[in-house]
Amino acid sequence: MRTVSFVGLGVMGRPMAVNLVRSGFDVRAFTRTAESRDRARQDGVPVVDALTELHPDPDVVVTMLPDGPDVRAVLLADDLPLGTSSLVVDMSTIDPAVSREVAAELGARGHRVLDAPVSGGEQGAIDAVLSIMVGGREEDHEEALPVLEALGSTVVRVGETGSGQVVKAANQLIVAGNLQLIAEALVFLEAHGVELGAAVDVLGGGLAGSTALHRKRDAFLQQDYTPGFRAALHDKDLRIAHAAAGEAGVVLPVGGVVQQLMRSLVTTGDGGLDHSALHQVVRRLSGREPPRDR
């Protein structure tokens, strides 16, 4: 397994493609925007200018795309080169139902598909320490492991097709809830005049500690919401989680509140900020920051 066609070179996809190149895979990559193609080329990724220029018979096709319609448009396109033995690994975060539909369509054409969404953010992609949740057949998962292990430090098959997307939806619920409570705690501490850096350090060493608190520490303290994972994408992920919950007859009461707060970032024009900008929402609601000037 040496040839990899990679589609999607955004914040997450670009460093992932870089790591595949560094691991010795023969990569050809494509993304829709010329600017993203140029940035990937500067990082040493062999980039082509059209889907048709990807490997004609790749061992693996990896997609890292924003949403379900994008995945459909690429994986079901007539001009996407797929060989009879190609294994498709969709690492995007999309609705589990869409993931199953795409897998069924490709399966009817004789292709094998895994859904393998990731967690870990931009830094996790850069450091190749992503957590990867894999849905699909065990034998296909085993075949894909060399590629997946070049991208992540935790690679786990969680069930059949679509299961990876279900676990990713749960992950996004937990992350959003964690970020929201960190934001509320920091505004609470600030209002009482506590030294915030020291407070975050001691909280991080106890049961309140989390990966989110550790990785987003400086962003929260400096109120620097440069995107590592955009709020608009997390909003999309929470919509996926609630749609899947509805299909299963499950209620997500706290998740619903956090979804509305994340949505408020998008509707006020701040969807391009990092999802830690939930801190900004709490500060505004608490009167510690003026409303956004539209």
# chains A, B, ... in the order shown; residues from 1 in each chain; ligands from 1
>>> residues_around(residues="Ala29 of chain A", least_positions_apart="3", cutoff="8 Å", atoms="only C-alpha atoms", output="compact mmCIF listing (two decimals) with C-alpha atoms, in the first residue's frame")
# COMPACT_ATOMS: atom_id res chain seq x y z
CA SER A 5 -4.90 10.01 -3.55
CA PHE A 6 -5.76 12.73 -1.03
CA VAL A 7 -8.65 15.17 -1.50
CA GLY A 8 -9.12 18.17 0.79
CA LEU A 9 -6.21 20.38 1.86
CA ALA A 17 -1.13 15.06 3.57
CA VAL A 45 2.82 17.91 -0.96
CA PRO A 46 2.58 16.79 -4.63
CA VAL A 47 -0.58 18.60 -5.72
CA VAL A 48 -2.57 18.21 -8.94
CA LEU A 54 -4.92 11.92 -9.13
>>> select_by_dssp(residues="segment 30-227 of chain A", states="strand (DSSP E)", output="list in words")
Phe30, Val60, Val61, Val62, Thr63, Leu87, Val88, Val89, Asp90, Arg112, Val113, Leu114, Asp115, Val118, Ser119, Leu130, Ser131, Ile132, Met133, Val134, Gly135, Gly152, Ser153, Thr154, Val155, Val156, Arg157, Val158 and Gly159 of chain A
>>> closest_atom_pairs(of="segment 4-111 of chain A", to="segment 117-130 of chain A", cutoff="8 Å", atoms="only C-alpha atoms", output="Markdown table")
| residue | atom | partner | partner_atom | distance |
| --- | --- | --- | --- | --- |
| A:Val11 | CA | A:Glu122 | CA | 6.3 |
| A:Met12 | CA | A:Glu122 | CA | 5.5 |
| A:Gly13 | CA | A:Ala125 | CA | 7.9 |
| A:Pro15 | CA | A:Ile126 | CA | 5.1 |
| A:Met16 | CA | A:Ala125 | CA | 5.7 |
| A:Asn19 | CA | A:Ala128 | CA | 6.9 |
| A:Asp90 | CA | A:Pro117 | CA | 7.2 |
| A:Met91 | CA | A:Pro117 | CA | 4.3 |
| A:Ser92 | CA | A:Pro117 | CA | 5.4 |
| A:Thr93 | CA | A:Pro117 | CA | 5.5 |
>>> write_last_selection(atoms="C-alpha atoms", output="PDB file, in the first residue's frame")
ATOM      1  CA  VAL A  11      -6.626  23.349   8.014  1.00  0.00           C
ATOM      2  CA  MET A  12      -6.699  19.636   8.844  1.00  0.00           C
ATOM      3  CA  GLY A  13      -6.119  18.043   5.460  1.00  0.00           C
ATOM      4  CA  PRO A  15      -0.837  18.695   7.567  1.00  0.00           C
ATOM      5  CA  MET A  16      -2.302  15.213   7.190  1.00  0.00           C
ATOM      6  CA  ASN A  19       2.578  13.525   7.188  1.00  0.00           C
ATOM      7  CA  ASP A  90     -13.431   9.245   4.264  1.00  0.00           C
ATOM      8  CA  MET A  91     -11.945  11.169   7.198  1.00  0.00           C
ATOM      9  CA  SER A  92     -14.432  14.052   6.968  1.00  0.00           C
ATOM     10  CA  THR A  93     -16.991  14.668   9.703  1.00  0.00           C
TER      11      THR A  93
END
>>> residues_around(residues="Ala150 of chain A", least_positions_apart="2", cutoff="7 Å", atoms="only C-alpha atoms", output="PyMOL selection string")
chain A and resi 19-20+23+128+146-148+152
>>> write_last_selection(atoms="N, CA and C atoms", output="compact mmCIF listing (two decimals), in the first residue's frame")
# COMPACT_ATOMS: atom_id res chain seq x y z
N ASN A 19 2.10 14.67 6.40
CA ASN A 19 2.58 13.53 7.19
C ASN A 19 2.59 12.24 6.37
N LEU A 20 1.67 12.09 5.45
CA LEU A 20 1.70 10.92 4.57
C LEU A 20 2.92 10.95 3.66
N SER A 23 5.92 10.05 5.61
CA SER A 23 5.95 8.63 5.96
C SER A 23 6.30 7.75 4.77
N ALA A 128 0.67 14.54 14.00
CA ALA A 128 0.29 13.16 13.66
C ALA A 128 -0.12 12.36 14.90
N PRO A 146 -1.71 1.12 7.94
CA PRO A 146 -0.47 1.86 7.67
C PRO A 146 -0.70 3.34 7.37
N VAL A 147 -1.75 3.64 6.63
CA VAL A 147 -2.07 5.03 6.33
C VAL A 147 -2.57 5.74 7.58
N LEU A 148 -3.49 5.13 8.29
CA LEU A 148 -4.09 5.77 9.46
C LEU A 148 -3.06 5.99 10.57
N GLY A 152 -2.34 9.33 12.99
CA GLY A 152 -2.83 9.41 14.35
C GLY A 152 -2.13 8.46 15.29
>>> select_by_dssp(residues="segment 132-288 of chain A", states="alpha helix (DSSP H)", output="ChimeraX atom specification")
/A:138-149,163-191,196-204,211-215,217-222,231-248,253-267,278-285
>>> decode(residues="segment 240-291 of chain A", atoms="C-alpha atoms", output="compact mmCIF listing (two decimals), in the first residue's frame")
# COMPACT_ATOMS: atom_id res chain seq x y z
CA ILE A 240 -25.12 16.34 12.90
CA ALA A 241 -25.13 15.06 16.48
CA HIS A 242 -28.64 16.31 17.15
CA ALA A 243 -29.98 14.94 13.87
CA ALA A 244 -28.49 11.52 14.65
CA ALA A 245 -29.87 11.71 18.19
CA GLY A 246 -33.33 12.45 16.83
CA GLU A 247 -33.14 9.44 14.53
CA ALA A 248 -32.30 7.26 17.54
CA GLY A 249 -34.94 8.81 19.80
CA VAL A 250 -32.34 10.24 22.17
CA VAL A 251 -32.55 13.65 23.88
CA LEU A 252 -29.47 15.84 24.39
CA PRO A 253 -30.66 18.64 26.71
CA VAL A 254 -27.29 20.14 27.68
CA GLY A 255 -26.00 19.58 24.17
CA GLY A 256 -28.95 21.55 22.85
CA VAL A 257 -28.04 24.59 24.96
CA VAL A 258 -24.41 24.46 23.87
CA GLN A 259 -25.51 24.10 20.25
CA GLN A 260 -27.48 27.34 20.52
CA LEU A 261 -24.49 29.16 22.01
CA MET A 262 -22.22 27.85 19.25
CA ARG A 263 -24.82 28.87 16.68
CA SER A 264 -24.83 32.39 18.12
CA LEU A 265 -21.17 32.74 17.10
CA VAL A 266 -22.10 31.88 13.54
CA THR A 267 -25.20 34.09 13.31
CA THR A 268 -23.29 37.12 14.66
CA GLY A 269 -20.58 36.71 12.05
CA ASP A 270 -17.94 35.03 14.22
CA GLY A 271 -18.17 31.53 12.75
CA GLY A 272 -14.62 31.91 11.43
CA LEU A 273 -13.21 32.17 14.94
CA ASP A 274 -11.91 29.20 16.91
CA HIS A 275 -14.56 27.27 18.83
CA SER A 276 -12.95 28.50 22.06
CA ALA A 277 -14.65 31.82 21.20
CA LEU A 278 -17.53 30.46 23.29
CA HIS A 279 -15.58 32.38 25.93
CA GLN A 280 -16.44 35.57 24.03
CA VAL A 281 -20.13 34.65 24.09
CA VAL A 282 -20.11 34.21 27.89
CA ARG A 283 -18.19 37.47 28.37
CA ARG A 284 -20.80 39.33 26.32
CA LEU A 285 -23.72 37.70 28.12
CA SER A 286 -22.07 38.67 31.42
CA GLY A 287 -21.61 42.30 30.37
CA ARG A 288 -17.81 42.01 30.43
CA GLU A 289 -17.46 42.71 26.72
CA PRO A 290 -19.56 44.94 24.44
CA PRO A 291 -21.87 43.31 21.89
